[in-house]
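Working notes, structure below.
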Number of protein chains: 2
Amino acid sequence: MPRLAGSSKLLRAMNESAALAHLLEPGMLTRADLRKLTALSTPTISEVLRRLTDAGLVNVVGYNSGRPGPNAEIYAANPDAAYAAAVSVRDIGASGAPSVVAALCDLTGAVRARIESRIDFLHTDPKTALVDVVAELRAEAGVPETRVSHVQLGVAGSYDGGAETIRHVDVPGFGRPGLVPEIAEALGTHVGVDNDVNLAAVAERRRGVGRDADGFALLWLGQEGLGLAIDIGGTLLRGARGGAGEIGYMPLYAPDSTHRKVDLQDLVGGAAILALGQDHGVPGRTPLEVVLAAAGDPAAAGEFFTHLADRIAVGLAAVIAVLDPSLVVLAGPVAQAGGQTLLAAVTGALRRAAPLESTVAVTTIDDDAVLLGALDAGLTAVREALIASIRDNQA
Amino acid sequence: MPRLAGSSKLLRAMNESAALAHLLEPGMLTRADLRKLTALSTPTISEVLRRLTDAGLVNVVGYNSGRPGPNAEIYAANPDAAYAAAVSVRDIGASGAPSVVAALCDLTGAVRARIESRIDFLHTDPKTALVDVVAELRAEAGVPETRVSHVQLGVAGSYDGGAETIRHVDVPGFGRPGLVPEIAEALGTHVGVDNDVNLAAVAERRRGVGRDADGFALLWLGQEGLGLAIDIGGTLLRGARGGAGEIGYMPLYAPDSTHRKVDLQDLVGGAAILALGQDHGVPGRTPLEVVLAAAGDPAAAGEFFTHLADRIAVGLAAVIAVLDPSLVVLAGPVAQAGGQTLLAAVTGALRRAAPLESTVAVTTIDDDAVLLGALDAGLTAVREALIASIRDNQA
DNA sequence: TAATTGTTAGCCGATTTGCCAATCACCTGA
DNA sequence: TCAGGTGATTGGCAAATCGGCTAACAATTA
């Protein structure tokens with residue numbers, strides 16, 4: 001409900017913004033296409049495109065042939081107009097997995113550089129580490145400093161956007177209040193921070209099974225913890241202090257007061273999966289190995305999956321009762337390892353437990369979902385900043 | 001992100017919409033006030049106001065005196081430009097409570113007519129009943145038929161806006177597919193339908209404790225069932241098929257399969273409260289009577305409240321883990337009866353059970369919250385329709 | 001006298017309509 | 001097979017229109 005008011009300058013800004021927005025959602029468009037999309041007249045479209053190309057935001061990328069008349073010019077957003085960087089930070093695990101994965105993409109989303117490294121944040125300051133990583137990305141891609149306008153951070157923890165503070169984070173040094181503004185200051189860019197699970201949901205929305213859903217809940221089954229991301233029509237629900245989806249801490253009801261406290265983490269966390277594997281004679285030293293082994297021999301591990309699915313359904317049933325999502329996505333290493341076998345088991349368990357019917361699916365993203373999601377999030381931030389800057393420069 | 005494009009006509013429409021919007025949020029404004037609010041120049045404001053008064057949407061309601069210069073004209077939205085009606089429908093209970101409560105308000109929100117009646121929908125067609133009720137409201141308020149542009153319905157059930165069908169509804173006749181469009185056809189107005197709990201949340205947002213929250217979850221403790229409404233920055237979360245917040249069906253985890261299936265309704269529904277009262281020697285034949293009796297004698301009923309609060313906390317903990325709301329509102333007859341005593345007990349129970357900290361509050365709405373919320377929802381619908389109609393008429 | 005209100009006149013900026021030249025695909029006919 | 005005509009399409013230019021802004025001004029009240 002844009003209760004915006006203004007004069008003709010506002011109109012021009014709006015029209016240019018609209019045109020740029022159409023060119024940004026990857027489309028190579030001719031003037032005629034833009035006319036149909038914006039309902040503006042030919043002279044106006046010409047003027048708008050002239051300004052956008054002058055500003056270096058839009059280029060002619062080809063000519064349309066095969067139809068009567070002169071070859072129409074095809075316009076597209078200039079890939080090099082701005083870049084977005086993404087950094088996914090994990091705690092150094094027992095495995096040799098890298099603790100920092102970073103990438104840099106251009107305005108069209110094409111990845112221009114990618115880095116993996118193993119930084120021990122016990123001995124490295126987060127700020128300098130991040131500045132170095134971004135510099136390395138820029139060097140690898142050959143991109144000048146000023147063109148990187150947004151750096152998106154993904155961490156395993158919840159980000160309180162109001163307080164600009166990361167909470168519930170395991171990686172040393174990242175929980176310090178005031179860190180994020182300092183990083184932004186040091187980098188000279190905007191810095192966005194988000195939960196890794198939320199970013200995986202962003203990737204799922206843009207390129208996964210969530211593409212056409214009007215909303216979905218993504219349950220992340222990680223090596224250690226679990227998390228939930230809530231997508232409502234493309235916007236993520238973050239909660240008051242960024243704590244939405246921290247269902248690992250969800251306490252479970254114990255009918256008898258014999259209760260020692262049990263929460264969902266105790267039920268489907270990494271330790272629980274290990275124990276469950278032992279109970280059912282499934283080999284493996286890490287949760288991931290257990291699930292992989294089980295998935296490799298579904299006939300023998302049927303009961304393992306049934307039990308695991310029942311537990312997952314406990315959490316999902318609560319989520320579904322509260323949110324009624326049209327789609328539930330299972331993601332994270334454990335869910336990927338479980339694959340279709342796990343999916344079938346969870347679907348069955350949910351049908352027994354949950355009142356409402358939601359479709360369940362497994363993620364279709366093979367690559368590092370968190371990193372991809374961070375790139376996507378950073379990219380949309382850059383695009384919106386571009387659109388807004390046009391609006392403001394002219395107004 | 002208004003990727004709107006257009007010509008100067010769009011500009012005029014936007015400016016008039018903006019001015020009208022400012023005049024609608026109850027403000028009596030002078031031209032100077034509007035100039036500050038919209039940043040438009042004096043001649044433009046004059047022109048806009050001239051058009052709005054010509055269209056009968058805005059009136060001069062007074063003159064500002066006491067300052068040098070001519071007395072400035074004070075403008076306000078014309079209360080009689082449009083009306084909204086609201087109808088709250090319940091099943092006929094054992095008590096003699098009316099099953100239909102309806103009201104009609106003008107554009108400023110002032111209630112012009114109110115009706116309560118006891119309609120047995122076993123023997124009355126919903127459509128004709130509603131048409132009659134609305135006609136009666138119009139007659140009582142002396143309002144011509146054409147000026148009522150929106151009728152908002154509140155029912156105890158979930159409304160699937162996509163299928164235009166009411167689900168999980170107890171009132172006979174209201175579950176029939178196609179009913180809502182028929183009603184709209186018969187009434188000749190737009191018809192909005194929503195869950196009663198959702199509407200109570202709307203009222204809470206506009207005039208209750210949720211006024212300044214950036215989001216809240218409202219737990220409705222009714223005579224029979226319970227429900228949840230989720231407000232995110234003023235928008236209600238409805239879910240895929242309108243089923244969000246149906247937490248009565250939320251299954252509870254049973255560690256051993258020895259337990260039969262238990263859901264939250266079994267724990268804090270009306271029957272459960274009755275039983276809990278009996279266990280603790282609290283008298284009363286209905287859940288409401290039990291809680292009222294307990295609230296009247298807090299010293300004796302301390303344990304009753306502790307137990308009840310523990311059970312409520314089970315559901316709330318799940319909600320909080322999923323949503324992380326900044327505020328949780330307890331509403332509905334049971335919650336109102338429990339008052340501050342119940343609030344204190346729930347706060348304590350949550351502190352023990354829930355991981356995240358959310359403020360808990362009891363509703364501050366004494367009147368029929370569902371009806372008030374329906375009025376509010378209808379009113380905003382009418383206002384947005386007015387604003388949009390200006391946008392379209394001129395474009 | 002000074003401040004404030006609201007109107008009028010002239011200007012500016014942006015878009016649209018209408019017109020035109022240029023280009024290219026396709027068809028026809030030699 | 002090739003030349004030329006036809007028609008659709010592209011993109012530019014000029015005039016007209018529309019809406020808002022600035023500036024000047026008359027009117028009113030403390």
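Lettering and numbering for the structure tokens are positional, with chains as A, B, ... in the shown order, residues counted from 1 in each chain, and ligands counted from 1 in the shown order.
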*Determine which residues of chain C sit within 8 Å of chain A, taking into account only C-alpha atoms (C1' of nucleotides), and present them as a PyMOL selection string.*
chain C and resi 13-16+22-25
*Please report, as a ChimeraX atom specification, each residue of region 108-144 of chain B to which DSSP assigns alpha helix (DSSP H) when run on this structure's backbone.*
/B:126-141
Dump N, CA and C atoms for the selected residues as a short mmCIF file (atom, residue, chain, number, x, y, z; two decimals), in the first residue's frame?
```cif
data_model
loop_
_atom_site.label_atom_id
_atom_site.label_comp_id
_atom_site.auth_asym_id
_atom_site.auth_seq_id
_atom_site.Cartn_x
_atom_site.Cartn_y
_atom_site.Cartn_z
N PRO B 126 -28.13 -20.33 6.33
CA PRO B 126 -27.16 -19.27 6.66
C PRO B 126 -27.32 -18.04 5.78
N LYS B 127 -27.56 -18.28 4.51
CA LYS B 127 -27.58 -17.15 3.59
C LYS B 127 -28.72 -16.19 3.94
N THR B 128 -29.93 -16.73 4.04
CA THR B 128 -31.06 -15.84 4.34
C THR B 128 -30.90 -15.22 5.72
N ALA B 129 -30.38 -15.98 6.67
CA ALA B 129 -30.19 -15.43 8.00
C ALA B 129 -29.26 -14.23 7.96
N LEU B 130 -28.17 -14.37 7.23
CA LEU B 130 -27.21 -13.27 7.17
C LEU B 130 -27.79 -12.07 6.45
N VAL B 131 -28.49 -12.34 5.36
CA VAL B 131 -29.10 -11.22 4.65
C VAL B 131 -30.07 -10.48 5.58
N ASP B 132 -30.84 -11.24 6.34
CA ASP B 132 -31.78 -10.59 7.26
C ASP B 132 -31.05 -9.77 8.32
N VAL B 133 -30.01 -10.35 8.87
CA VAL B 133 -29.27 -9.65 9.92
C VAL B 133 -28.72 -8.33 9.41
N VAL B 134 -28.11 -8.39 8.23
CA VAL B 134 -27.52 -7.17 7.69
C VAL B 134 -28.62 -6.14 7.39
N ALA B 135 -29.74 -6.61 6.86
CA ALA B 135 -30.84 -5.69 6.59
C ALA B 135 -31.32 -5.04 7.88
N GLU B 136 -31.39 -5.82 8.93
CA GLU B 136 -31.83 -5.29 10.22
C GLU B 136 -30.85 -4.23 10.72
N LEU B 137 -29.57 -4.53 10.57
CA LEU B 137 -28.55 -3.55 10.97
C LEU B 137 -28.74 -2.25 10.19
N ARG B 138 -28.92 -2.37 8.91
CA ARG B 138 -29.08 -1.17 8.08
C ARG B 138 -30.29 -0.38 8.52
N ALA B 139 -31.40 -1.09 8.78
CA ALA B 139 -32.61 -0.41 9.20
C ALA B 139 -32.38 0.32 10.52
N GLU B 140 -31.74 -0.34 11.46
CA GLU B 140 -31.53 0.26 12.77
C GLU B 140 -30.67 1.51 12.67
N ALA B 141 -29.71 1.46 11.77
CA ALA B 141 -28.81 2.61 11.65
C ALA B 141 -29.31 3.62 10.63
#
```
*CA of Gly373 (chain B) and CA of Glu145 (chain B), how far apart in Å?*
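So the answer is 22.8 Å.
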May I have the residues of chain B within 8 Å of chain A, counting only C-alpha atoms, written as an mmCIF file with C-alpha atoms, in the first residue's frame?
```cif
data_model
loop_
_atom_site.group_PDB
_atom_site.id
_atom_site.type_symbol
_atom_site.label_atom_id
_atom_site.label_comp_id
_atom_site.auth_asym_id
_atom_site.auth_seq_id
_atom_site.Cartn_x
_atom_site.Cartn_y
_atom_site.Cartn_z
ATOM 1 C CA PRO B 2 6.062 -0.800 -5.773
ATOM 2 C CA ARG B 3 7.331 -1.712 -9.179
ATOM 3 C CA LEU B 4 4.508 0.419 -10.464
ATOM 4 C CA ALA B 5 4.855 2.419 -13.608
ATOM 5 C CA GLY B 6 2.595 4.921 -15.233
ATOM 6 C CA SER B 7 1.959 8.476 -16.241
ATOM 7 C CA SER B 8 0.907 11.604 -14.470
ATOM 8 C CA LEU B 11 0.691 10.374 -9.771
ATOM 9 C CA MET B 14 -1.304 8.205 -5.645
ATOM 10 C CA ASN B 15 -1.444 11.629 -4.130
ATOM 11 C CA SER B 17 -4.859 8.028 -2.100
ATOM 12 C CA ALA B 18 -2.144 9.186 0.234
ATOM 13 C CA ALA B 21 -5.239 7.455 3.800
ATOM 14 C CA THR B 38 2.661 14.277 2.225
ATOM 15 C CA ALA B 39 5.338 16.817 1.306
ATOM 16 C CA LEU B 40 3.073 18.167 -1.405
ATOM 17 C CA ASP B 214 5.758 -5.739 16.235
ATOM 18 C CA GLY B 215 4.099 -9.118 16.396
ATOM 19 C CA LEU B 228 -4.055 -19.539 18.236
ATOM 20 C CA LEU B 237 -0.629 -15.658 9.404
ATOM 21 C CA ARG B 238 -3.306 -17.920 8.023
ATOM 22 C CA GLY B 239 -1.424 -20.861 6.581
ATOM 23 C CA ALA B 240 -1.914 -22.804 3.412
ATOM 24 C CA ARG B 241 -5.582 -23.593 3.818
ATOM 25 C CA GLY B 242 -6.392 -21.244 6.660
ATOM 26 C CA GLY B 243 -5.393 -23.886 9.167
ATOM 27 C CA ALA B 244 -2.615 -22.032 10.937
ATOM 28 C CA GLY B 245 -3.176 -21.875 14.663
ATOM 29 C CA GLU B 246 -5.343 -24.980 14.926
ATOM 30 C CA ILE B 247 -3.245 -26.110 17.834
ATOM 31 C CA TYR B 249 -5.159 -30.816 17.212
ATOM 32 C CA MET B 250 -1.477 -30.622 18.072
ATOM 33 C CA PRO B 251 -0.452 -34.118 19.113
ATOM 34 C CA LEU B 252 1.682 -34.446 22.186
ATOM 35 C CA TYR B 253 4.699 -36.617 22.388
ATOM 36 C CA ALA B 254 4.199 -39.877 24.223
ATOM 37 C CA PRO B 255 7.557 -41.467 25.028
ATOM 38 C CA VAL B 314 3.209 -27.030 27.050
ATOM 39 C CA ALA B 317 6.429 -23.511 24.585
ATOM 40 C CA ALA B 318 5.983 -25.133 21.208
ATOM 41 C CA VAL B 319 4.513 -21.963 19.781
ATOM 42 C CA ILE B 320 7.322 -19.859 21.173
ATOM 43 C CA ALA B 321 9.992 -22.213 19.911
ATOM 44 C CA VAL B 322 8.563 -22.027 16.421
ATOM 45 C CA LEU B 323 7.648 -18.349 16.244
ATOM 46 C CA ASP B 324 9.635 -16.450 18.873
ATOM 47 C CA PRO B 325 6.919 -13.833 19.303
ATOM 48 C CA SER B 326 7.792 -10.751 21.265
ATOM 49 C CA ALA B 353 9.582 -24.664 30.360
ATOM 50 C CA ALA B 354 10.369 -22.387 27.467
ATOM 51 C CA PRO B 355 13.796 -21.583 26.154
ATOM 52 C CA LEU B 356 13.094 -18.137 24.798
#
```
*If you measure from CA of Ala344 (chain B) to CA of Gly284 (chain B), what distance in Å do you get, rounded to one decimal?*
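Computing it gives 22.3 Å between the two atoms.
Distance check against chain A using only C-alpha atoms (C1' of nucleotides): of D:DG20, D:DA15, D:DC2, D:DA26, the minimum falls on D:DG20.
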_Report as a list in words all protein, DNA and RNA residues lying within 10 Å of Phe304 (chain A), evaluated on only C-alpha atoms (C1' of nucleotides), omitting residues in the same chain fewer than 5 positions from it._
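Within the cut-off, the hits are Ile273, Leu276, Gly277, Gln278, Asp279, His280, Gly281, Val282, Val290, Val291, Ala294, Ala295, Pro298, Ala309, Asp310, Leu342 and Ala345 of chain A.
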*asked:* Quick check: residues of chain D within 12 Å of chain B, only C-alpha atoms (C1' of nucleotides), returned as a VMD selection string.
replied: chain D and resid 17 to 23 26 to 30
Selection export as a short mmCIF file (atom, residue, chain, number, x, y, z; two decimals), in the first residue's frame, atoms kept: C-alpha atoms (C1' of nucleotides):
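What landed in out_13.cif:
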```cif
data_model
loop_
_atom_site.label_atom_id
_atom_site.label_comp_id
_atom_site.auth_asym_id
_atom_site.auth_seq_id
_atom_site.Cartn_x
_atom_site.Cartn_y
_atom_site.Cartn_z
"C1'" DT D 17 -1.40 17.08 -22.46
"C1'" DC D 18 -1.32 16.50 -17.75
"C1'" DG D 19 0.07 17.21 -13.08
"C1'" DG D 20 2.77 19.53 -9.74
"C1'" DC D 21 5.83 23.42 -8.21
"C1'" DT D 22 7.27 28.23 -7.33
"C1'" DA D 23 6.15 32.84 -6.73
"C1'" DA D 26 -5.28 39.06 -1.64
"C1'" DA D 27 -7.56 38.22 2.60
"C1'" DT D 28 -7.84 37.54 7.46
"C1'" DT D 29 -6.78 37.56 12.32
"C1'" DA D 30 -3.70 38.04 16.67
#
```
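Across the structure, CA of Asp91 (chain A) and CA of His150 (chain A) are spaced 23.3 Å apart.
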*asked:* Please return, as a ChimeraX atom specification, all residues of region 131-355 of chain B that DSSP assigns to strand (DSSP E) on the basis of the backbone.
replied: /B:148-155,158-160,165-167,190-195,215-221,226-232,235-236,327-331
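Excluding Gly157 (chain B) and any residue on its chain fewer than 3 positions from it, the residues at most 6 Å away by only C-alpha atoms (C1' of nucleotides) are B:Arg167, B:His168, B:Val169, B:Asn195.
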Could the residues in this selection be saved with N, CA and C atoms as a short mmCIF file (atom, residue, chain, number, x, y, z; two decimals), in the first residue's frame?
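Contents of the output file part-v8.cif:
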```cif
data_model
loop_
_atom_site.label_atom_id
_atom_site.label_comp_id
_atom_site.auth_asym_id
_atom_site.auth_seq_id
_atom_site.Cartn_x
_atom_site.Cartn_y
_atom_site.Cartn_z
N ARG B 167 -13.81 -24.40 6.92
CA ARG B 167 -13.52 -25.77 7.34
C ARG B 167 -13.56 -25.86 8.86
N HIS B 168 -13.67 -27.10 9.31
CA HIS B 168 -13.64 -27.37 10.75
C HIS B 168 -14.65 -26.51 11.50
N VAL B 169 -15.82 -26.32 10.93
CA VAL B 169 -16.80 -25.45 11.58
C VAL B 169 -17.93 -26.29 12.16
N ASN B 195 -11.52 -16.73 10.89
CA ASN B 195 -11.53 -17.41 12.16
C ASN B 195 -11.85 -16.43 13.30
#
```
